[in-house]
Structure formats: C-alpha cells, structure tokens
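Chemist: File name input_23.cif; file contents mmCIF, N, CA and C atoms; full text below.
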```cif
data_start
#
loop_
_atom_site.label_atom_id
_atom_site.label_comp_id
_atom_site.auth_asym_id
_atom_site.auth_seq_id
_atom_site.Cartn_x
_atom_site.Cartn_y
_atom_site.Cartn_z
N MET A 1 12.38 18.59 -17.24
CA MET A 1 13.24 18.02 -16.22
C MET A 1 12.61 16.73 -15.71
N SER A 2 13.42 15.78 -15.45
CA SER A 2 12.99 14.54 -14.83
C SER A 2 12.70 14.79 -13.36
N THR A 3 11.99 13.87 -12.77
CA THR A 3 11.72 13.96 -11.34
C THR A 3 12.92 13.43 -10.57
N VAL A 4 13.31 14.16 -9.55
CA VAL A 4 14.38 13.74 -8.66
C VAL A 4 13.71 13.33 -7.35
N GLU A 5 14.01 12.15 -6.87
CA GLU A 5 13.44 11.67 -5.62
C GLU A 5 14.54 11.54 -4.59
N LEU A 6 14.20 11.92 -3.37
CA LEU A 6 15.16 11.89 -2.27
C LEU A 6 14.42 11.40 -1.04
N SER A 7 15.03 10.50 -0.31
CA SER A 7 14.47 10.11 0.99
C SER A 7 15.60 10.10 1.99
N PHE A 8 15.26 10.44 3.23
CA PHE A 8 16.28 10.48 4.27
C PHE A 8 15.67 10.10 5.60
N SER A 9 16.52 9.57 6.49
CA SER A 9 16.04 9.17 7.80
C SER A 9 15.66 10.40 8.61
N ALA A 10 14.78 10.22 9.56
CA ALA A 10 14.20 11.32 10.33
C ALA A 10 15.17 11.83 11.40
N LEU A 11 16.26 12.42 10.93
CA LEU A 11 17.23 13.03 11.82
C LEU A 11 17.38 14.50 11.42
N PRO A 12 17.37 15.41 12.39
CA PRO A 12 17.48 16.83 12.05
C PRO A 12 18.70 17.19 11.21
N VAL A 13 19.79 16.47 11.37
CA VAL A 13 21.01 16.76 10.62
C VAL A 13 20.79 16.58 9.11
N HIS A 14 19.85 15.74 8.71
CA HIS A 14 19.61 15.49 7.30
C HIS A 14 18.80 16.59 6.62
N VAL A 15 18.15 17.44 7.42
CA VAL A 15 17.39 18.56 6.85
C VAL A 15 18.32 19.50 6.09
N ARG A 16 19.48 19.75 6.63
CA ARG A 16 20.46 20.62 5.96
C ARG A 16 20.87 20.04 4.61
N THR A 17 21.12 18.75 4.57
CA THR A 17 21.49 18.09 3.32
C THR A 17 20.36 18.20 2.30
N ALA A 18 19.13 17.99 2.75
CA ALA A 18 17.97 18.11 1.85
C ALA A 18 17.87 19.53 1.29
N ARG A 19 18.07 20.53 2.14
CA ARG A 19 18.03 21.94 1.66
C ARG A 19 19.08 22.19 0.61
N LEU A 20 20.29 21.68 0.82
CA LEU A 20 21.37 21.89 -0.14
C LEU A 20 21.06 21.22 -1.48
N ILE A 21 20.55 20.00 -1.44
CA ILE A 21 20.22 19.28 -2.68
C ILE A 21 19.10 19.99 -3.42
N VAL A 22 18.05 20.39 -2.70
CA VAL A 22 16.93 21.07 -3.34
C VAL A 22 17.38 22.39 -3.96
N THR A 23 18.22 23.12 -3.28
CA THR A 23 18.72 24.39 -3.82
C THR A 23 19.51 24.17 -5.09
N ALA A 24 20.35 23.15 -5.11
CA ALA A 24 21.13 22.85 -6.32
C ALA A 24 20.23 22.46 -7.48
N VAL A 25 19.23 21.64 -7.22
CA VAL A 25 18.31 21.23 -8.28
C VAL A 25 17.47 22.41 -8.74
N ALA A 26 17.04 23.26 -7.82
CA ALA A 26 16.26 24.45 -8.19
C ALA A 26 17.08 25.37 -9.10
N ARG A 27 18.32 25.57 -8.75
CA ARG A 27 19.21 26.42 -9.58
C ARG A 27 19.33 25.83 -10.98
N ARG A 28 19.55 24.54 -11.08
CA ARG A 28 19.69 23.89 -12.39
C ARG A 28 18.38 23.83 -13.15
N SER A 29 17.26 23.96 -12.42
CA SER A 29 15.94 23.94 -13.06
C SER A 29 15.51 25.31 -13.57
N GLY A 30 16.30 26.33 -13.28
CA GLY A 30 15.99 27.66 -13.79
C GLY A 30 15.36 28.62 -12.81
N VAL A 31 15.31 28.26 -11.53
CA VAL A 31 14.79 29.19 -10.53
C VAL A 31 15.78 30.35 -10.40
N ALA A 32 15.26 31.57 -10.41
CA ALA A 32 16.10 32.76 -10.33
C ALA A 32 16.87 32.79 -9.01
N GLU A 33 18.08 33.27 -9.08
CA GLU A 33 18.98 33.30 -7.92
C GLU A 33 18.33 33.97 -6.69
N PRO A 34 17.62 35.10 -6.84
CA PRO A 34 17.01 35.72 -5.65
C PRO A 34 15.94 34.86 -4.96
N LEU A 35 15.37 33.89 -5.66
CA LEU A 35 14.34 33.03 -5.07
C LEU A 35 14.93 31.81 -4.36
N LEU A 36 16.20 31.55 -4.56
CA LEU A 36 16.78 30.33 -3.99
C LEU A 36 16.75 30.31 -2.47
N ASP A 37 16.91 31.47 -1.84
CA ASP A 37 16.81 31.51 -0.37
C ASP A 37 15.41 31.13 0.09
N GLU A 38 14.39 31.58 -0.65
CA GLU A 38 13.01 31.23 -0.29
C GLU A 38 12.77 29.73 -0.46
N VAL A 39 13.31 29.17 -1.52
CA VAL A 39 13.20 27.72 -1.75
C VAL A 39 13.87 26.98 -0.59
N ARG A 40 15.08 27.37 -0.27
CA ARG A 40 15.85 26.70 0.79
C ARG A 40 15.12 26.78 2.13
N LEU A 41 14.61 27.96 2.48
CA LEU A 41 13.93 28.12 3.77
C LEU A 41 12.61 27.36 3.83
N ALA A 42 11.82 27.43 2.77
CA ALA A 42 10.52 26.73 2.76
C ALA A 42 10.72 25.22 2.84
N VAL A 43 11.65 24.70 2.07
CA VAL A 43 11.91 23.26 2.09
C VAL A 43 12.47 22.85 3.46
N GLY A 44 13.34 23.65 4.02
CA GLY A 44 13.87 23.36 5.36
C GLY A 44 12.76 23.30 6.40
N GLU A 45 11.82 24.23 6.31
CA GLU A 45 10.70 24.26 7.25
C GLU A 45 9.82 23.01 7.08
N ALA A 46 9.51 22.65 5.83
CA ALA A 46 8.67 21.47 5.57
C ALA A 46 9.38 20.19 6.02
N CYS A 47 10.67 20.10 5.75
CA CYS A 47 11.43 18.91 6.15
C CYS A 47 11.56 18.83 7.67
N SER A 48 11.79 19.95 8.33
CA SER A 48 11.88 19.96 9.79
C SER A 48 10.57 19.50 10.43
N ARG A 49 9.46 19.96 9.87
CA ARG A 49 8.15 19.56 10.35
C ARG A 49 7.97 18.04 10.20
N ALA A 50 8.35 17.51 9.04
CA ALA A 50 8.22 16.07 8.79
C ALA A 50 9.14 15.27 9.70
N VAL A 51 10.38 15.73 9.89
CA VAL A 51 11.32 15.03 10.76
C VAL A 51 10.79 14.98 12.19
N GLU A 52 10.28 16.10 12.68
CA GLU A 52 9.75 16.13 14.05
C GLU A 52 8.58 15.17 14.20
N ALA A 53 7.68 15.16 13.23
CA ALA A 53 6.54 14.24 13.28
C ALA A 53 7.00 12.79 13.25
N HIS A 54 7.97 12.48 12.40
CA HIS A 54 8.49 11.11 12.31
C HIS A 54 9.19 10.71 13.61
N ARG A 55 9.95 11.61 14.18
CA ARG A 55 10.67 11.27 15.42
C ARG A 55 9.69 10.91 16.53
N ARG A 56 8.52 11.54 16.55
CA ARG A 56 7.53 11.26 17.59
C ARG A 56 6.70 10.01 17.29
N HIS A 57 6.42 9.75 16.01
CA HIS A 57 5.45 8.71 15.67
C HIS A 57 6.01 7.51 14.92
N CYS A 58 6.99 7.71 14.06
CA CYS A 58 7.51 6.58 13.27
C CYS A 58 8.98 6.85 12.89
N PRO A 59 9.87 6.79 13.87
CA PRO A 59 11.27 7.18 13.64
C PRO A 59 12.02 6.34 12.61
N ASP A 60 11.53 5.15 12.30
CA ASP A 60 12.22 4.30 11.33
C ASP A 60 11.80 4.57 9.88
N GLU A 61 10.75 5.35 9.69
CA GLU A 61 10.26 5.65 8.34
C GLU A 61 11.00 6.87 7.78
N PRO A 62 11.37 6.84 6.51
CA PRO A 62 12.07 7.99 5.92
C PRO A 62 11.11 9.10 5.50
N VAL A 63 11.63 10.31 5.49
CA VAL A 63 10.94 11.47 4.92
C VAL A 63 11.25 11.44 3.43
N ARG A 64 10.27 11.76 2.59
CA ARG A 64 10.46 11.69 1.14
C ARG A 64 10.26 13.05 0.50
N LEU A 65 11.09 13.31 -0.51
CA LEU A 65 10.97 14.53 -1.31
C LEU A 65 10.91 14.16 -2.78
N GLU A 66 10.13 14.90 -3.54
CA GLU A 66 10.10 14.80 -5.00
C GLU A 66 10.35 16.19 -5.54
N LEU A 67 11.28 16.31 -6.46
CA LEU A 67 11.61 17.59 -7.09
C LEU A 67 11.35 17.44 -8.57
N SER A 68 10.61 18.37 -9.14
CA SER A 68 10.34 18.28 -10.57
C SER A 68 10.14 19.67 -11.15
N GLY A 69 10.28 19.74 -12.44
CA GLY A 69 10.07 21.00 -13.13
C GLY A 69 9.32 20.76 -14.43
N ALA A 70 8.27 21.53 -14.63
CA ALA A 70 7.50 21.46 -15.87
C ALA A 70 6.74 22.77 -16.03
N ASP A 71 6.50 23.15 -17.27
CA ASP A 71 5.75 24.36 -17.56
C ASP A 71 6.31 25.59 -16.83
N ARG A 72 7.64 25.68 -16.83
CA ARG A 72 8.33 26.83 -16.24
C ARG A 72 8.06 26.99 -14.74
N ARG A 73 7.89 25.85 -14.05
CA ARG A 73 7.69 25.83 -12.60
C ARG A 73 8.65 24.80 -12.00
N PHE A 74 9.16 25.09 -10.82
CA PHE A 74 9.94 24.13 -10.05
C PHE A 74 9.08 23.74 -8.86
N GLU A 75 8.88 22.43 -8.67
CA GLU A 75 7.96 21.95 -7.65
C GLU A 75 8.69 20.99 -6.71
N VAL A 76 8.41 21.15 -5.42
CA VAL A 76 8.95 20.28 -4.38
C VAL A 76 7.79 19.74 -3.58
N THR A 77 7.76 18.42 -3.38
CA THR A 77 6.76 17.80 -2.53
C THR A 77 7.49 17.08 -1.40
N VAL A 78 7.16 17.47 -0.16
CA VAL A 78 7.72 16.83 1.02
C VAL A 78 6.61 15.96 1.61
N SER A 79 6.90 14.66 1.77
CA SER A 79 5.88 13.72 2.25
C SER A 79 6.36 13.04 3.52
N ASP A 80 5.46 12.99 4.50
CA ASP A 80 5.74 12.18 5.68
C ASP A 80 4.76 11.02 5.70
N THR A 81 4.98 10.09 6.61
CA THR A 81 4.10 8.93 6.72
C THR A 81 3.47 8.88 8.09
N VAL A 82 3.17 10.05 8.64
CA VAL A 82 2.51 10.14 9.94
C VAL A 82 1.03 10.39 9.69
N PRO A 83 0.19 9.41 9.96
CA PRO A 83 -1.24 9.61 9.72
C PRO A 83 -1.79 10.71 10.61
N GLY A 84 -2.82 11.37 10.12
CA GLY A 84 -3.47 12.42 10.89
C GLY A 84 -4.21 11.83 12.07
N GLU A 85 -4.67 12.72 12.94
CA GLU A 85 -5.33 12.28 14.16
C GLU A 85 -6.79 11.91 13.93
N ASP A 86 -7.39 12.34 12.82
CA ASP A 86 -8.76 11.96 12.53
C ASP A 86 -8.82 11.27 11.18
N GLU A 87 -10.00 10.89 10.75
CA GLU A 87 -10.14 10.12 9.51
C GLU A 87 -9.70 10.90 8.28
N ALA A 88 -9.81 12.22 8.33
CA ALA A 88 -9.42 13.03 7.17
C ALA A 88 -7.95 13.38 7.19
N GLY A 89 -7.24 12.99 8.20
CA GLY A 89 -5.82 13.29 8.27
C GLY A 89 -5.47 14.21 9.41
N GLY A 90 -6.34 15.15 9.73
CA GLY A 90 -6.16 15.96 10.93
C GLY A 90 -5.10 17.03 10.88
N LEU A 91 -4.60 17.39 9.72
CA LEU A 91 -3.60 18.44 9.64
C LEU A 91 -4.24 19.79 9.86
N PRO A 92 -3.69 20.63 10.73
CA PRO A 92 -4.26 21.95 10.90
C PRO A 92 -4.08 22.76 9.63
N LYS A 93 -5.08 23.58 9.31
CA LYS A 93 -4.97 24.40 8.11
C LYS A 93 -3.98 25.52 8.35
N ALA A 94 -3.24 25.87 7.33
CA ALA A 94 -2.31 26.97 7.43
C ALA A 94 -3.09 28.27 7.49
N PRO A 95 -2.75 29.17 8.42
CA PRO A 95 -3.46 30.43 8.50
C PRO A 95 -3.17 31.29 7.28
N ASP A 96 -4.18 32.04 6.85
CA ASP A 96 -3.92 32.95 5.74
C ASP A 96 -3.24 34.21 6.29
N ALA A 97 -2.81 35.09 5.41
CA ALA A 97 -2.03 36.26 5.82
C ALA A 97 -2.80 37.12 6.82
N GLU A 98 -4.10 37.29 6.63
CA GLU A 98 -4.88 38.13 7.54
C GLU A 98 -4.97 37.52 8.93
N GLU A 99 -5.20 36.20 9.01
CA GLU A 99 -5.25 35.53 10.30
C GLU A 99 -3.92 35.67 11.03
N PHE A 100 -2.83 35.53 10.29
CA PHE A 100 -1.51 35.61 10.89
C PHE A 100 -1.22 37.03 11.36
N GLU A 101 -1.56 38.02 10.54
CA GLU A 101 -1.29 39.42 10.86
C GLU A 101 -2.03 39.87 12.11
N TYR A 102 -3.27 39.41 12.29
CA TYR A 102 -4.08 39.85 13.42
C TYR A 102 -4.04 38.90 14.59
N GLY A 103 -3.12 37.96 14.58
CA GLY A 103 -2.93 37.07 15.73
C GLY A 103 -4.02 36.03 15.90
N LEU A 104 -4.76 35.73 14.84
CA LEU A 104 -5.83 34.75 14.93
C LEU A 104 -5.34 33.33 14.65
N ALA A 105 -4.12 33.22 14.20
CA ALA A 105 -3.58 31.90 13.87
C ALA A 105 -3.27 31.14 15.15
N GLY A 106 -3.25 29.81 15.04
CA GLY A 106 -2.93 28.98 16.19
C GLY A 106 -1.51 29.26 16.69
N GLU A 107 -1.27 28.92 17.95
CA GLU A 107 0.03 29.21 18.52
C GLU A 107 1.02 28.06 18.38
N GLY A 108 0.57 26.93 17.87
CA GLY A 108 1.45 25.77 17.75
C GLY A 108 2.52 25.98 16.69
N THR A 109 3.64 25.30 16.86
CA THR A 109 4.73 25.46 15.90
C THR A 109 4.39 24.86 14.55
N ALA A 110 3.53 23.85 14.50
CA ALA A 110 3.14 23.28 13.20
C ALA A 110 2.42 24.32 12.37
N GLU A 111 1.48 25.04 12.99
CA GLU A 111 0.76 26.08 12.27
C GLU A 111 1.69 27.20 11.84
N LEU A 112 2.60 27.58 12.71
CA LEU A 112 3.56 28.65 12.38
C LEU A 112 4.45 28.22 11.23
N GLY A 113 4.91 26.98 11.25
CA GLY A 113 5.74 26.47 10.16
C GLY A 113 5.01 26.48 8.84
N LEU A 114 3.73 26.12 8.85
CA LEU A 114 2.94 26.14 7.63
C LEU A 114 2.74 27.57 7.14
N ALA A 115 2.59 28.51 8.06
CA ALA A 115 2.46 29.92 7.67
C ALA A 115 3.75 30.43 7.04
N VAL A 116 4.88 30.01 7.57
CA VAL A 116 6.17 30.41 7.01
C VAL A 116 6.30 29.86 5.59
N ILE A 117 5.95 28.60 5.41
CA ILE A 117 6.03 27.98 4.08
C ILE A 117 5.12 28.73 3.11
N ALA A 118 3.91 29.03 3.54
CA ALA A 118 2.95 29.74 2.68
C ALA A 118 3.48 31.12 2.28
N GLY A 119 4.25 31.75 3.17
CA GLY A 119 4.81 33.05 2.86
C GLY A 119 6.02 33.00 1.94
N LEU A 120 6.70 31.88 1.90
CA LEU A 120 7.92 31.76 1.11
C LEU A 120 7.71 31.17 -0.28
N ALA A 121 6.79 30.24 -0.40
CA ALA A 121 6.58 29.57 -1.68
C ALA A 121 5.58 30.36 -2.53
N ASP A 122 5.75 30.26 -3.82
CA ASP A 122 4.86 30.95 -4.75
C ASP A 122 3.48 30.31 -4.73
N ASP A 123 3.42 28.99 -4.59
CA ASP A 123 2.17 28.25 -4.56
C ASP A 123 2.35 27.10 -3.57
N VAL A 124 1.38 26.86 -2.71
CA VAL A 124 1.47 25.79 -1.70
C VAL A 124 0.16 25.02 -1.67
N GLU A 125 0.28 23.70 -1.61
CA GLU A 125 -0.87 22.82 -1.39
C GLU A 125 -0.49 21.85 -0.29
N ILE A 126 -1.39 21.69 0.67
CA ILE A 126 -1.16 20.76 1.78
C ILE A 126 -2.25 19.71 1.74
N ALA A 127 -1.84 18.47 1.65
CA ALA A 127 -2.80 17.36 1.60
C ALA A 127 -2.54 16.43 2.77
N SER A 128 -3.59 16.12 3.49
CA SER A 128 -3.49 15.22 4.62
C SER A 128 -4.41 14.03 4.40
N THR A 129 -3.85 12.85 4.58
CA THR A 129 -4.61 11.62 4.40
C THR A 129 -4.32 10.72 5.59
N PRO A 130 -5.03 9.63 5.72
CA PRO A 130 -4.69 8.68 6.79
C PRO A 130 -3.27 8.11 6.66
N LYS A 131 -2.66 8.23 5.47
CA LYS A 131 -1.31 7.69 5.27
C LYS A 131 -0.22 8.71 5.56
N GLY A 132 -0.55 9.98 5.68
CA GLY A 132 0.47 10.99 5.95
C GLY A 132 0.11 12.34 5.37
N VAL A 133 1.09 13.23 5.40
CA VAL A 133 0.89 14.61 4.94
C VAL A 133 1.86 14.89 3.81
N GLN A 134 1.37 15.59 2.79
CA GLN A 134 2.21 16.05 1.69
C GLN A 134 2.11 17.55 1.61
N ILE A 135 3.25 18.20 1.55
CA ILE A 135 3.31 19.64 1.33
C ILE A 135 3.96 19.85 -0.02
N ARG A 136 3.18 20.40 -0.96
CA ARG A 136 3.67 20.68 -2.31
C ARG A 136 3.87 22.18 -2.44
N MET A 137 5.08 22.56 -2.82
CA MET A 137 5.45 23.96 -2.99
C MET A 137 6.00 24.15 -4.39
N SER A 138 5.77 25.34 -4.98
CA SER A 138 6.35 25.58 -6.29
C SER A 138 6.75 27.03 -6.45
N TRP A 139 7.69 27.24 -7.38
CA TRP A 139 8.23 28.56 -7.70
C TRP A 139 8.40 28.65 -9.21
N PRO A 140 8.42 29.88 -9.74
CA PRO A 140 8.66 30.03 -11.17
C PRO A 140 10.10 29.64 -11.53
N ALA A 141 10.24 29.03 -12.68
CA ALA A 141 11.57 28.66 -13.19
C ALA A 141 11.68 29.28 -14.57
N GLU A 142 12.14 30.51 -14.61
CA GLU A 142 12.16 31.29 -15.86
C GLU A 142 13.32 30.93 -16.77
N ALA A 143 14.47 30.68 -16.18
CA ALA A 143 15.65 30.38 -16.99
C ALA A 143 15.53 28.99 -17.59
N GLU A 144 16.29 28.72 -18.62
CA GLU A 144 16.26 27.41 -19.26
C GLU A 144 16.87 26.37 -18.34
N ALA A 145 16.16 25.29 -18.13
CA ALA A 145 16.64 24.22 -17.24
C ALA A 145 17.82 23.49 -17.86
N THR A 146 18.74 23.05 -17.00
CA THR A 146 19.90 22.30 -17.47
C THR A 146 19.84 20.83 -17.03
N ILE A 147 18.74 20.41 -16.48
CA ILE A 147 18.60 19.00 -16.07
C ILE A 147 17.67 18.31 -17.02
#
```
Would it be possible to restate this file's structure as structure tokens?

Modeler:
Amino acid sequence: MSTVELSFSALPVHVRTARLIVTAVARRSGVAEPLLDEVRLAVGEACSRAVEAHRRHCPDEPVRLELSGADRRFEVTVSDTVPGEDEAGGLPKAPDAEEFEYGLAGEGTAELGLAVIAGLADDVEIASTPKGVQIRMSWPAEAEATI
C-alpha cells in the first residue's frame, strides 16, 4: 500500500473526519472488521490530543497523519508541531497497564489519552522532539489490501 497523508486544521470538528478517513483506509488495507473500532478510537484520541495542543500553542499549524501498510501491518502516525517543554521534548510517558491498574498513573488528560491509545493499538511508539510529538500506532492487516 502507498502512504496516505492527511493534514487538517486544529479544530475539534476535523477529528471526526480524520477518524472516518483512517477507518476507511484501514478497512481497505486489510484490517479485520472487529479491530476497526479500536483503530477509530485510538486515532481519535491521538488526533484530539494533537488538536488540543495546537489550539493552545500553535492554532495555525495543521495536525498531520500518515497512513501506511506493509508486512501485513496497518500503521498510523499522528504528528503535531508543538515542541516539548524541555530539550528532549517533554512528553509524559504513557503509563503501563500495571501503573494504570493501581492508580499510579498521572491524573492529567494527556497521560490518560496515551494510556487509552496504548490499550487500543496493537503496537504504539511515542516520540517527542523539540519540533513536536509523533504517536505511531499499528494493527495487524491480515486480509489482502485493496489499495
């Protein structure tokens, strides 16, 4: 599958459109029907997080998504352009399942959103740099892709 790129202005109304597009591309990439809700919810959470950060720090900059499929995986990368608060980017680490279960995770909505994403996606990588944050999520794509 080729890479599909999408960018949208930092308005909450556009998160729904991004979820719909990602779900359609995931379906065509071979993601099993029962996983599509997880894809939609995880991408919605990542996009909402990026939109909120952009609205506070750089409302004129677009949120960017990359959708791709290779080696029987469907991958989504949501990128914002909000630099972290420190030199390394400053993104809080997503709590692992044990931290979340025992209430050790942070109480902020950013941390909770990252925990939700980690619970929904098959594989998650979060990269924070002085230029912004990227959340890469992937799911198995077992069926033959049609894109």

Chemist: Any idea what the distance is between atom CA of A:Pro34 and atom CA of A:Phe74?

Modeler: 14.3 Å

Chemist: Hey, could you make a per-residue contact list for stretch 20-99 of chain A against stretch 125-145 of chain A with 5 Å as the cut-off, showing the nearest pair of atoms and its distance in Å to one decimal, counting all atoms listed in the file, sorted by chain and number, as CSV?

Modeler:
```
residue,atom,partner,partner_atom,distance
A:Arg28,C,A:Ala145,CA,4.5
A:Ser29,C,A:Ala145,CA,4.0
A:Gly30,C,A:Ala141,CA,3.8
A:Val31,N,A:Ala141,CA,4.1
A:Arg72,C,A:Ala141,N,3.6
A:Arg73,CA,A:Ala141,N,4.1
A:Phe74,N,A:Trp139,C,4.0
A:Glu75,CA,A:Ser138,CA,4.2
A:Val76,N,A:Met137,C,4.0
A:Thr77,CA,A:Arg136,CA,4.2
A:Val78,N,A:Ile135,C,4.0
A:Ser79,CA,A:Gln134,CA,4.4
A:Asp80,N,A:Val133,C,4.1
A:Thr81,CA,A:Gly132,CA,4.2
A:Val82,C,A:Gly132,CA,3.8
A:Pro83,CA,A:Pro130,C,4.0
A:Gly84,N,A:Pro130,CA,4.7
A:Ala88,C,A:Ser128,C,4.6
A:Gly89,CA,A:Thr129,C,4.0
```

Chemist: Tell me, in Å to one decimal, how far atom C of A:Asp122 is from atom N of A:Glu5.

Modeler: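 It comes out at 21.1 Å.
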
Chemist: Work out how far apart atom N of A:Leu36 and atom N of A:Asp123 are and give it in Å to one decimal.

Modeler: 13.0 Å

Chemist: Do a neighbour search on A:Val4 at 7 Å with all atoms listed in the file, toss out local chain neighbours closer than 3 positions, and write the hits as a list in words.

Modeler: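 My list of contacting residues is Met1, Leu65, Glu66, Leu67, Ser68 and Gly69 of chain A.
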
Chemist: Contacts of stretch 14-17 of chain A at 6.5 Å or less, counting all atoms listed in the file, minus same-chain residues fewer than 5 places along, as an NGL selection string?

Modeler: :A and (22 or 44 or 47-48)

Chemist: Run the PyMOL selection byres (((chain A and resi 39 and name CA) around 8) and name CA) on the file and write out the hits as a ChimeraX atom specification.

Modeler: /A:22-23,26,35-38,40-43,120-121,139

Chemist: Once you have the residues from the selection above, write them out as a PDB file, in the frame of the given file, restricted to N, CA and C atoms.

Modeler:
```
ATOM      1  N   VAL A  22      18.050  20.390  -2.700  1.00  0.00           N
ATOM      2  CA  VAL A  22      16.930  21.070  -3.340  1.00  0.00           C
ATOM      3  C   VAL A  22      17.380  22.390  -3.960  1.00  0.00           C
ATOM      4  N   THR A  23      18.220  23.120  -3.280  1.00  0.00           N
ATOM      5  CA  THR A  23      18.720  24.390  -3.820  1.00  0.00           C
ATOM      6  C   THR A  23      19.510  24.170  -5.090  1.00  0.00           C
ATOM      7  N   ALA A  26      17.040  23.260  -7.820  1.00  0.00           N
ATOM      8  CA  ALA A  26      16.260  24.450  -8.190  1.00  0.00           C
ATOM      9  C   ALA A  26      17.080  25.370  -9.100  1.00  0.00           C
ATOM     10  N   LEU A  35      15.370  33.890  -5.660  1.00  0.00           N
ATOM     11  CA  LEU A  35      14.340  33.030  -5.070  1.00  0.00           C
ATOM     12  C   LEU A  35      14.930  31.810  -4.360  1.00  0.00           C
ATOM     13  N   LEU A  36      16.200  31.550  -4.560  1.00  0.00           N
ATOM     14  CA  LEU A  36      16.780  30.330  -3.990  1.00  0.00           C
ATOM     15  C   LEU A  36      16.750  30.310  -2.470  1.00  0.00           C
ATOM     16  N   ASP A  37      16.910  31.470  -1.840  1.00  0.00           N
ATOM     17  CA  ASP A  37      16.810  31.510  -0.370  1.00  0.00           C
ATOM     18  C   ASP A  37      15.410  31.130   0.090  1.00  0.00           C
ATOM     19  N   GLU A  38      14.390  31.580  -0.650  1.00  0.00           N
ATOM     20  CA  GLU A  38      13.010  31.230  -0.290  1.00  0.00           C
ATOM     21  C   GLU A  38      12.770  29.730  -0.460  1.00  0.00           C
ATOM     22  N   ARG A  40      15.080  27.370  -0.270  1.00  0.00           N
ATOM     23  CA  ARG A  40      15.850  26.700   0.790  1.00  0.00           C
ATOM     24  C   ARG A  40      15.120  26.780   2.130  1.00  0.00           C
ATOM     25  N   LEU A  41      14.610  27.960   2.480  1.00  0.00           N
ATOM     26  CA  LEU A  41      13.930  28.120   3.770  1.00  0.00           C
ATOM     27  C   LEU A  41      12.610  27.360   3.830  1.00  0.00           C
ATOM     28  N   ALA A  42      11.820  27.430   2.770  1.00  0.00           N
ATOM     29  CA  ALA A  42      10.520  26.730   2.760  1.00  0.00           C
ATOM     30  C   ALA A  42      10.720  25.220   2.840  1.00  0.00           C
ATOM     31  N   VAL A  43      11.650  24.700   2.070  1.00  0.00           N
ATOM     32  CA  VAL A  43      11.910  23.260   2.090  1.00  0.00           C
ATOM     33  C   VAL A  43      12.470  22.850   3.460  1.00  0.00           C
ATOM     34  N   LEU A 120       6.700  31.880   1.900  1.00  0.00           N
ATOM     35  CA  LEU A 120       7.920  31.760   1.110  1.00  0.00           C
ATOM     36  C   LEU A 120       7.710  31.170  -0.280  1.00  0.00           C
ATOM     37  N   ALA A 121       6.790  30.240  -0.400  1.00  0.00           N
ATOM     38  CA  ALA A 121       6.580  29.570  -1.680  1.00  0.00           C
ATOM     39  C   ALA A 121       5.580  30.360  -2.530  1.00  0.00           C
ATOM     40  N   TRP A 139       7.690  27.240  -7.380  1.00  0.00           N
ATOM     41  CA  TRP A 139       8.230  28.560  -7.700  1.00  0.00           C
ATOM     42  C   TRP A 139       8.400  28.650  -9.210  1.00  0.00           C
TER      43      TRP A 139
END
```

Chemist: Would you list the contacts of A:Ala10 as JSON, numbers by chain, taking every protein, DNA or RNA residue within 7 Å and counting only C-alpha atoms, but skipping same-chain residues closer than 4 positions in sequence?

Modeler: {"A": [51, 54, 55, 59, 62, 63]}
